>>> print(open('input04.pdb').read())   # PDB, C-alpha atoms
ATOM      1  CA  MET A   1      -6.049  12.748   8.396
ATOM      2  CA  GLN A   2      -6.617  15.917  10.390
ATOM      3  CA  LEU A   3      -6.620  19.329   8.867
ATOM      4  CA  LYS A   4      -6.664  22.781  10.440
ATOM      5  CA  THR A   5      -6.819  26.125   8.672
ATOM      6  CA  ARG A   6      -5.430  29.347  10.102
ATOM      7  CA  LYS A   7      -4.949  32.749   8.559
ATOM      8  CA  ILE A   8      -1.850  34.917   8.461
ATOM      9  CA  GLY A   9      -2.713  38.210   6.774
ATOM     10  CA  GLU A  10      -4.355  37.214   3.499
ATOM     11  CA  VAL A  11      -2.748  33.778   3.420
ATOM     12  CA  ASN A  12      -4.642  30.673   4.506
ATOM     13  CA  VAL A  13      -2.248  28.176   6.055
ATOM     14  CA  VAL A  14      -3.636  24.641   5.973
ATOM     15  CA  ASP A  15      -1.877  22.389   8.510
ATOM     16  CA  ILE A  16      -2.258  18.758   7.439
ATOM     17  CA  ASN A  17      -1.596  15.917   9.861
ATOM     18  CA  GLY A  18      -1.625  12.242   8.848
ATOM     19  CA  LYS A  19      -2.051  10.506   5.509
ATOM     20  CA  ILE A  20      -3.034  11.991   2.155
ATOM     21  CA  THR A  21      -4.174   8.803   0.478
ATOM     22  CA  LEU A  22      -6.979   7.336  -1.563
ATOM     23  CA  GLY A  23     -10.286   7.884   0.196
ATOM     24  CA  GLU A  24     -10.922  10.007   3.249
ATOM     25  CA  GLY A  25      -7.656  11.962   3.248
ATOM     26  CA  ASN A  26      -8.128  13.101  -0.327
ATOM     27  CA  ILE A  27     -11.761  14.048   0.193
ATOM     28  CA  ILE A  28     -11.012  16.180   3.254
ATOM     29  CA  LEU A  29      -8.276  18.073   1.388
ATOM     30  CA  ARG A  30     -10.477  18.545  -1.702
ATOM     31  CA  ASP A  31     -13.384  19.875   0.376
ATOM     32  CA  THR A  32     -11.120  22.268   2.263
ATOM     33  CA  ILE A  33      -9.645  23.757  -0.911
ATOM     34  CA  ARG A  34     -13.093  24.104  -2.508
ATOM     35  CA  ASN A  35     -14.414  25.728   0.638
ATOM     36  CA  LEU A  36     -11.587  28.268   0.753
ATOM     37  CA  LEU A  37     -11.947  29.122  -2.937
ATOM     38  CA  SER A  38     -15.724  29.474  -2.676
ATOM     39  CA  ARG A  39     -15.162  32.123   0.001
ATOM     40  CA  GLY A  40     -12.757  33.995  -2.261
ATOM     41  CA  GLU A  41      -9.705  32.856  -0.280
ATOM     42  CA  LYS A  42      -7.168  32.380  -3.040
ATOM     43  CA  LYS A  43      -3.833  32.426  -1.219
ATOM     44  CA  ILE A  44      -3.289  28.941   0.120
ATOM     45  CA  LEU A  45      -0.224  27.480   1.827
ATOM     46  CA  LEU A  46      -0.345  23.737   2.507
ATOM     47  CA  ASN A  47       1.830  22.828   5.498
ATOM     48  CA  LEU A  48       2.820  19.184   4.939
ATOM     49  CA  GLY A  49       5.231  18.961   7.884
ATOM     50  CA  ASP A  50       3.104  16.382   9.695
ATOM     51  CA  VAL A  51       2.098  14.335   6.665
ATOM     52  CA  THR A  52       3.199  10.791   7.427
ATOM     53  CA  TYR A  53       2.287   9.158   4.131
ATOM     54  CA  ILE A  54       1.187  10.135   0.653
ATOM     55  CA  ASP A  55       0.331   7.810  -2.232
ATOM     56  CA  SER A  56      -0.165   8.420  -5.963
ATOM     57  CA  SER A  57      -3.781   9.319  -5.315
ATOM     58  CA  GLY A  58      -2.678  11.886  -2.714
ATOM     59  CA  ILE A  59      -0.177  13.340  -5.175
ATOM     60  CA  GLY A  60      -3.026  13.604  -7.664
ATOM     61  CA  GLU A  61      -5.041  15.498  -5.079
ATOM     62  CA  LEU A  62      -2.184  17.966  -4.509
ATOM     63  CA  VAL A  63      -1.998  18.521  -8.272
ATOM     64  CA  SER A  64      -5.769  18.939  -8.450
ATOM     65  CA  SER A  65      -5.663  21.463  -5.590
ATOM     66  CA  PHE A  66      -2.923  23.363  -7.396
ATOM     67  CA  THR A  67      -4.672  23.490 -10.780
ATOM     68  CA  THR A  68      -8.088  24.316  -9.286
ATOM     69  CA  THR A  69      -6.590  27.196  -7.302
ATOM     70  CA  THR A  70      -4.497  28.458 -10.208
ATOM     71  CA  ASN A  71      -7.436  28.293 -12.622
ATOM     72  CA  GLN A  72      -9.373  30.544 -10.286
ATOM     73  CA  GLY A  73      -6.586  33.088 -10.239
ATOM     74  CA  GLY A  74      -5.189  31.959  -6.911
ATOM     75  CA  GLN A  75      -1.879  30.650  -5.645
ATOM     76  CA  LEU A  76      -1.189  27.384  -3.822
ATOM     77  CA  LYS A  77       2.236  26.692  -2.352
ATOM     78  CA  LEU A  78       3.768  23.979  -0.176
ATOM     79  CA  LEU A  79       5.545  24.250   3.169
ATOM     80  CA  ASN A  80       7.723  21.802   5.154
ATOM     81  CA  LEU A  81       7.948  18.705   2.984
ATOM     82  CA  THR A  82       8.980  15.561   4.817
ATOM     83  CA  LYS A  83      11.726  13.475   3.231
ATOM     84  CA  LYS A  84       9.209  10.931   1.934
ATOM     85  CA  VAL A  85       6.988  13.576   0.336
ATOM     86  CA  GLN A  86       9.997  15.425  -1.057
ATOM     87  CA  ASP A  87      11.300  12.193  -2.653
ATOM     88  CA  LEU A  88       7.956  11.494  -4.294
ATOM     89  CA  LEU A  89       7.579  15.023  -5.646
ATOM     90  CA  GLN A  90      11.166  14.836  -6.881
ATOM     91  CA  ILE A  91      10.784  11.582  -8.833
ATOM     92  CA  THR A  92       7.440  12.686 -10.280
ATOM     93  CA  LYS A  93       9.029  15.998 -11.345
ATOM     94  CA  LEU A  94       6.407  17.931  -9.426
ATOM     95  CA  LEU A  95       9.039  19.949  -7.574
ATOM     96  CA  THR A  96       9.265  21.849 -10.854
ATOM     97  CA  VAL A  97       5.560  22.699 -10.565
ATOM     98  CA  PHE A  98       5.063  23.556  -6.908
ATOM     99  CA  GLU A  99       6.674  26.438  -5.093
ATOM    100  CA  VAL A 100       8.099  24.868  -1.929
ATOM    101  CA  PHE A 101       9.258  26.529   1.301
ATOM    102  CA  THR A 102      10.902  25.416   4.515
ATOM    103  CA  ASN A 103      10.196  28.661   6.391
ATOM    104  CA  GLU A 104       6.623  29.724   7.091
ATOM    105  CA  GLY A 105       7.388  33.452   7.285
ATOM    106  CA  GLN A 106       9.157  33.430   3.928
ATOM    107  CA  ALA A 107       6.368  31.359   2.428
ATOM    108  CA  VAL A 108       3.684  33.773   3.634
ATOM    109  CA  SER A 109       5.518  36.852   2.405
ATOM    110  CA  SER A 110       6.076  35.258  -1.028
ATOM    111  CA  PHE A 111       2.363  35.551  -1.885
ATOM    112  CA  LYS A 112       1.571  38.546  -4.084
TER     113      LYS A 112
ATOM    114  CA  MET B   1      19.229 -19.632  -0.250
ATOM    115  CA  LYS B   2      16.105 -21.633  -0.889
ATOM    116  CA  GLY B   3      16.207 -23.043   2.619
ATOM    117  CA  THR B   4      15.988 -19.583   4.161
ATOM    118  CA  GLU B   5      13.083 -18.396   2.048
ATOM    119  CA  LYS B   6      10.016 -17.147   3.884
ATOM    120  CA  LYS B   7       6.862 -17.002   1.805
ATOM    121  CA  ALA B   8       3.296 -16.024   2.643
ATOM    122  CA  SER B   9       0.096 -15.216   0.773
ATOM    123  CA  VAL B  10      -3.223 -13.570   1.521
ATOM    124  CA  LYS B  11      -6.415 -13.226  -0.483
ATOM    125  CA  LEU B  12      -8.133  -9.855  -0.306
ATOM    126  CA  ARG B  13     -11.575  -8.616  -1.234
ATOM    127  CA  SER B  14     -11.802  -6.074  -4.015
ATOM    128  CA  ASN B  15     -12.620  -3.068  -1.895
ATOM    129  CA  PHE B  16     -10.381  -0.274  -0.714
ATOM    130  CA  ASP B  17     -10.430  -1.437   2.909
ATOM    131  CA  SER B  18      -8.158  -4.200   1.646
ATOM    132  CA  VAL B  19      -5.385  -1.727   0.856
ATOM    133  CA  GLU B  20      -4.485  -1.204   4.514
ATOM    134  CA  LEU B  21      -4.825  -4.937   5.150
ATOM    135  CA  ALA B  22      -2.309  -5.501   2.354
ATOM    136  CA  GLU B  23       0.119  -3.026   3.909
ATOM    137  CA  ARG B  24      -0.212  -4.646   7.339
ATOM    138  CA  PHE B  25       0.288  -8.083   5.827
ATOM    139  CA  PHE B  26       3.406  -6.856   4.025
ATOM    140  CA  HIS B  27       4.905  -5.557   7.276
ATOM    141  CA  SER B  28       4.014  -8.731   9.155
ATOM    142  CA  VAL B  29       5.989 -10.745   6.610
ATOM    143  CA  ILE B  30       9.040  -8.512   6.209
ATOM    144  CA  ASP B  31       9.522  -7.125   9.728
ATOM    145  CA  GLN B  32      11.764  -9.947  10.829
ATOM    146  CA  SER B  33      13.993  -9.590   7.819
ATOM    147  CA  ARG B  34      15.476  -6.310   9.025
ATOM    148  CA  ILE B  35      15.047  -4.091   6.037
ATOM    149  CA  GLN B  36      16.140  -0.461   5.994
ATOM    150  CA  ASP B  37      13.264   1.927   6.720
ATOM    151  CA  SER B  38      13.567   3.673   3.360
ATOM    152  CA  ASP B  39      13.404   0.368   1.449
ATOM    153  CA  SER B  40      10.506  -0.786   3.606
ATOM    154  CA  HIS B  41       8.581   2.410   2.829
ATOM    155  CA  ARG B  42       9.258   2.107  -0.890
ATOM    156  CA  MET B  43       8.103  -1.507  -0.976
ATOM    157  CA  GLU B  44       5.035  -0.633   1.104
ATOM    158  CA  MET B  45       4.155   2.003  -1.483
ATOM    159  CA  ALA B  46       4.674  -0.493  -4.307
ATOM    160  CA  VAL B  47       2.347  -2.952  -2.542
ATOM    161  CA  ARG B  48      -0.224  -0.213  -1.979
ATOM    162  CA  GLU B  49      -0.169   1.060  -5.556
ATOM    163  CA  SER B  50      -0.294  -2.407  -7.110
ATOM    164  CA  VAL B  51      -3.138  -3.581  -4.843
ATOM    165  CA  ILE B  52      -5.141  -0.408  -5.627
ATOM    166  CA  ASN B  53      -4.567  -1.036  -9.355
ATOM    167  CA  ALA B  54      -5.644  -4.670  -8.983
ATOM    168  CA  ILE B  55      -8.843  -3.700  -7.139
ATOM    169  CA  GLN B  56      -9.721  -0.723  -9.303
ATOM    170  CA  HIS B  57      -8.487  -1.521 -12.797
ATOM    171  CA  GLY B  58      -8.068  -5.303 -12.591
ATOM    172  CA  ASN B  59     -11.188  -6.387 -10.762
ATOM    173  CA  GLY B  60     -13.213  -3.241 -11.417
ATOM    174  CA  CYS B  61     -14.063  -2.988  -7.691
ATOM    175  CA  ASP B  62     -16.154  -6.161  -8.089
ATOM    176  CA  GLU B  63     -16.198  -7.560  -4.542
ATOM    177  CA  SER B  64     -16.906 -11.066  -5.807
ATOM    178  CA  LYS B  65     -13.376 -11.024  -7.246
ATOM    179  CA  GLN B  66     -10.237 -11.377  -5.167
ATOM    180  CA  VAL B  67      -6.742  -9.984  -5.144
ATOM    181  CA  GLU B  68      -3.994 -12.367  -4.067
ATOM    182  CA  LEU B  69      -0.889 -10.844  -2.504
ATOM    183  CA  SER B  70       2.150 -13.094  -2.098
ATOM    184  CA  ILE B  71       5.505 -12.163  -0.630
ATOM    185  CA  SER B  72       8.773 -14.064  -0.610
ATOM    186  CA  VAL B  73      11.704 -12.965   1.527
ATOM    187  CA  THR B  74      15.213 -14.329   1.116
ATOM    188  CA  PRO B  75      18.511 -12.810   2.263
ATOM    189  CA  ALA B  76      19.079 -11.605  -1.313
ATOM    190  CA  LYS B  77      15.716 -10.164  -2.311
ATOM    191  CA  ILE B  78      12.057  -9.600  -1.629
ATOM    192  CA  THR B  79       9.614 -10.648  -4.336
ATOM    193  CA  ILE B  80       6.004  -9.475  -4.334
ATOM    194  CA  TRP B  81       3.232 -10.873  -6.522
ATOM    195  CA  VAL B  82      -0.160  -9.184  -6.861
ATOM    196  CA  ARG B  83      -2.682 -11.197  -8.819
ATOM    197  CA  ASP B  84      -6.159 -10.066  -9.853
ATOM    198  CA  GLU B  85      -9.003 -11.616 -11.830
ATOM    199  CA  GLY B  86      -9.152  -8.939 -14.489
ATOM    200  CA  HIS B  87      -8.078  -8.794 -18.117
ATOM    201  CA  GLY B  88      -4.557  -7.494 -17.550
ATOM    202  CA  PHE B  89      -2.925  -4.460 -19.070
ATOM    203  CA  ASP B  90       0.071  -3.485 -21.118
ATOM    204  CA  ALA B  91       2.414  -1.720 -18.713
ATOM    205  CA  GLY B  92       4.260  -0.291 -21.711
ATOM    206  CA  SER B  93       1.157   1.592 -22.832
ATOM    207  CA  VAL B  94       0.811   3.583 -19.609
ATOM    208  CA  PRO B  95       1.562   7.262 -20.438
ATOM    209  CA  ASN B  96       4.781   8.679 -19.011
ATOM    210  CA  PRO B  97       3.709  10.981 -16.157
ATOM    211  CA  LEU B  98       6.935  12.975 -16.512
ATOM    212  CA  GLU B  99       6.047  14.259 -19.985
ATOM    213  CA  GLU B 100       5.095  17.911 -19.959
ATOM    214  CA  ASN B 101       1.554  17.224 -21.151
ATOM    215  CA  ASN B 102       1.008  14.719 -18.336
ATOM    216  CA  LEU B 103       2.697  16.562 -15.497
ATOM    217  CA  LEU B 104      -0.512  18.149 -14.204
ATOM    218  CA  LYS B 105      -2.703  15.080 -14.616
ATOM    219  CA  THR B 106      -4.332  13.960 -11.396
ATOM    220  CA  SER B 107      -3.779  10.225 -11.992
ATOM    221  CA  GLY B 108      -1.454   7.834 -13.794
ATOM    222  CA  ARG B 109       1.552   7.861 -11.445
ATOM    223  CA  GLY B 110       1.072   4.503  -9.690
ATOM    224  CA  ILE B 111       2.994   2.296 -12.113
ATOM    225  CA  PHE B 112       5.699   4.929 -12.435
ATOM    226  CA  ILE B 113       6.166   5.005  -8.652
ATOM    227  CA  ILE B 114       6.363   1.205  -8.504
ATOM    228  CA  ARG B 115       8.973   1.136 -11.281
ATOM    229  CA  SER B 116      10.966   3.850  -9.511
ATOM    230  CA  PHE B 117      10.902   2.148  -6.130
ATOM    231  CA  MET B 118      11.443  -1.500  -7.114
ATOM    232  CA  ASP B 119      14.402  -3.119  -8.923
ATOM    233  CA  GLU B 120      12.234  -5.261 -11.193
ATOM    234  CA  PHE B 121       8.636  -4.893 -12.353
ATOM    235  CA  SER B 122       6.650  -6.975 -14.802
ATOM    236  CA  VAL B 123       3.054  -7.829 -15.626
ATOM    237  CA  ARG B 124       1.947 -11.169 -16.999
ATOM    238  CA  ARG B 125      -1.348 -12.690 -17.989
ATOM    239  CA  VAL B 126      -2.419 -15.681 -15.906
ATOM    240  CA  PRO B 127      -4.223 -18.073 -18.253
ATOM    241  CA  ASN B 128      -7.978 -18.040 -17.484
ATOM    242  CA  ASN B 129      -7.352 -16.270 -14.234
ATOM    243  CA  GLY B 130      -6.505 -12.579 -14.622
ATOM    244  CA  SER B 131      -3.145 -10.917 -14.470
ATOM    245  CA  GLU B 132      -0.201 -10.792 -12.118
ATOM    246  CA  VAL B 133       2.241  -8.039 -11.253
ATOM    247  CA  VAL B 134       5.659  -9.219 -10.112
ATOM    248  CA  MET B 135       7.980  -6.861  -8.254
ATOM    249  CA  VAL B 136      11.460  -7.505  -6.895
ATOM    250  CA  LYS B 137      13.590  -5.524  -4.469
ATOM    251  CA  ARG B 138      17.159  -6.734  -4.163
ATOM    252  CA  LEU B 139      18.669  -6.513  -0.700
ATOM    253  CA  SER B 140      22.315  -5.703  -0.263
ATOM    254  CA  SER B 141      24.067  -7.269   2.715
ATOM    255  CA  ASN B 142      24.626  -3.680   3.818
ATOM    256  CA  SER B 143      20.894  -2.955   3.917
ATOM    257  CA  ASN B 144      20.324  -5.960   6.133
ATOM    258  CA  SER B 145      23.029  -5.105   8.612
ATOM    259  CA  ASN B 146      22.380  -1.350   8.845
ATOM    260  CA  SER B 147      19.126  -1.749  10.700
ATOM    261  CA  ARG B 148      20.387  -4.255  13.220
TER     262      ARG B 148
END
>>> encode(input="input04.pdb", output="structure tokens")
Amino acid sequence: MQLKTRKIGEVNVVDINGKITLGEGNIILRDTIRNLLSRGEKKILLNLGDVTYIDSSGIGELVSSFTTTTNQGGQLKLLNLTKKVQDLLQITKLLTVFEVFTNEGQAVSSFK
Amino acid sequence: MKGTEKKASVKLRSNFDSVELAERFFHSVIDQSRIQDSDSHRMEMAVRESVINAIQHGNGCDESKQVELSISVTPAKITIWVRDEGHGFDAGSVPNPLEENNLLKTSGRGIFIIRSFMDEFSVRRVPNNGSEVVMVKRLSSNSNSNSR
């Protein structure tokens, strides 16, 4: 998994490429979120457009990222779900938890 | 149908490197059977989740124990068996991840995903030799022909 962070205004857009699965992929995502939060960066947009695969462990990591950010008074939202990721979040009812966008500009301006 | 059955097995070490080996083995067995991409992905996920469970919860990541993955392909269905050397579990006792109290839990979705993606799912104790998950995906004639 490769991960790149860029900033648009106060929003940190995290572009994720590859697999979010048990092991390395999860650890990289966890470390990135912790790093952002430790620097006081609390507006996080995960761009999942190039995520090729996610397993139950990866879903758990997304949930963990969401709750960790929220508990610290931040916001974490999702951008560009692939069909596979969308299906998984749908069946696990997590689309009712995450705020999801298909347009980056709209996603960025939705942060308060 | 029996005459057209293709069956293969592999024994895997109980470490997480085996998860990708299991996925590759799955694809090497089913590729020739012309399955729709979406079904292939769902079965791959079921293999992945069940092998992770077998390594982690069944064998307790004890590398001296093995996980056996077996796959049978017929024109009508694909059957997948994942056997570990652990003490088994009651699939009915796994909390429902869709309940409000469980929705934000970071684990506990593997079995649910398998049940959602496969047509049949069961767990049975193997006398003196661990437990076995059995999963079935039925193939419609349509799903075979669509990918040709």
>>> residues_around(input="input04.pdb", residues="Leu37 (chain A)", least_positions_apart="4", cutoff="10 Å", atoms="only C-alpha atoms", output="mmCIF file with C-alpha atoms, in the frame of the given file")
data_model
loop_
_atom_site.group_PDB
_atom_site.id
_atom_site.type_symbol
_atom_site.label_atom_id
_atom_site.label_comp_id
_atom_site.auth_asym_id
_atom_site.auth_seq_id
_atom_site.Cartn_x
_atom_site.Cartn_y
_atom_site.Cartn_z
ATOM 1 C CA ASP A 31 -13.384 19.875 0.376
ATOM 2 C CA THR A 32 -11.120 22.268 2.263
ATOM 3 C CA ILE A 33 -9.645 23.757 -0.911
ATOM 4 C CA GLU A 41 -9.705 32.856 -0.280
ATOM 5 C CA LYS A 42 -7.168 32.380 -3.040
ATOM 6 C CA LYS A 43 -3.833 32.426 -1.219
ATOM 7 C CA ILE A 44 -3.289 28.941 0.120
ATOM 8 C CA THR A 68 -8.088 24.316 -9.286
ATOM 9 C CA THR A 69 -6.590 27.196 -7.302
ATOM 10 C CA GLN A 72 -9.373 30.544 -10.286
ATOM 11 C CA GLY A 73 -6.586 33.088 -10.239
ATOM 12 C CA GLY A 74 -5.189 31.959 -6.911
#
>>> residues_around(input="input04.pdb", residues="Gly60 (chain B)", least_positions_apart="2", cutoff="12 Å", atoms="only C-alpha atoms", output="CSV table (one decimal) with C-alpha atoms, in the frame of the given file")
chain,number,residue,atom,x,y,z
B,13,ARG,CA,-11.6,-8.6,-1.2
B,14,SER,CA,-11.8,-6.1,-4.0
B,15,ASN,CA,-12.6,-3.1,-1.9
B,16,PHE,CA,-10.4,-0.3,-0.7
B,52,ILE,CA,-5.1,-0.4,-5.6
B,53,ASN,CA,-4.6,-1.0,-9.4
B,54,ALA,CA,-5.6,-4.7,-9.0
B,55,ILE,CA,-8.8,-3.7,-7.1
B,56,GLN,CA,-9.7,-0.7,-9.3
B,57,HIS,CA,-8.5,-1.5,-12.8
B,58,GLY,CA,-8.1,-5.3,-12.6
B,62,ASP,CA,-16.2,-6.2,-8.1
B,63,GLU,CA,-16.2,-7.6,-4.5
B,64,SER,CA,-16.9,-11.1,-5.8
B,65,LYS,CA,-13.4,-11.0,-7.2
B,66,GLN,CA,-10.2,-11.4,-5.2
B,67,VAL,CA,-6.7,-10.0,-5.1
B,84,ASP,CA,-6.2,-10.1,-9.9
B,85,GLU,CA,-9.0,-11.6,-11.8
B,86,GLY,CA,-9.2,-8.9,-14.5
B,87,HIS,CA,-8.1,-8.8,-18.1
B,88,GLY,CA,-4.6,-7.5,-17.6
B,130,GLY,CA,-6.5,-12.6,-14.6
>>> interface_residues(input="input04.pdb", of="chain A", to="chain B", cutoff="9 Å", atoms="only C-alpha atoms", output="NGL selection string")
:A and (22-23 or 54-57 or 59-64 or 66-67 or 84 or 88 or 91-94 or 97)
>>> atom_distance(input="input04.pdb", atom1="CA of Lys11 (chain B)", atom2="CA of Ser70 (chain B)")
8.7 Å
>>> atom_distance(input="input04.pdb", atom1="CA of Met118 (chain B)", atom2="CA of Arg24 (chain B)")
18.8 Å
>>> resolve_selection(input="input04.pdb", expression="the PyMOL selection byres ((chain B and resi 76) around 9)", output="list in words")
Met1, Val73, Thr74, Pro75, Lys77, Ile78, Lys137, Arg138, Leu139, Ser140 and Ser141 of chain B
>>> axis_aligned_box(input="input04.pdb", around="region 122-140 of chain B", padding_each_side="3 Å", output="lines of an AutoDock Vina configuration file")
center_x = 7.2
center_y = -11.8
center_z = -9.3
size_x = 36.3
size_y = 18.5
size_z = 24.0
>>> atom_distance(input="input04.pdb", atom1="CA of Val13 (chain A)", atom2="CA of Leu89 (chain A)")
20.2 Å
>>> residues_around(input="input04.pdb", residues="region 46-48 of chain A", least_positions_apart="5", cutoff="12 Å", atoms="only C-alpha atoms", output="PyMOL selection string")
chain A and resi 1-7+11-20+29+32-33+53-54+58+62+65-66+75-86+98-104+107-108
>>> residues_around(input="input04.pdb", residues="Phe26 (chain B)", least_positions_apart="6", cutoff="10 Å", atoms="all atoms listed in the file", output="list in words")
Ala8, Ser9, Val10, Glu20, Ser40, Met43, Glu44, Val47, Arg48, Leu69, Ser70, Ile71 and Ile80 of chain B
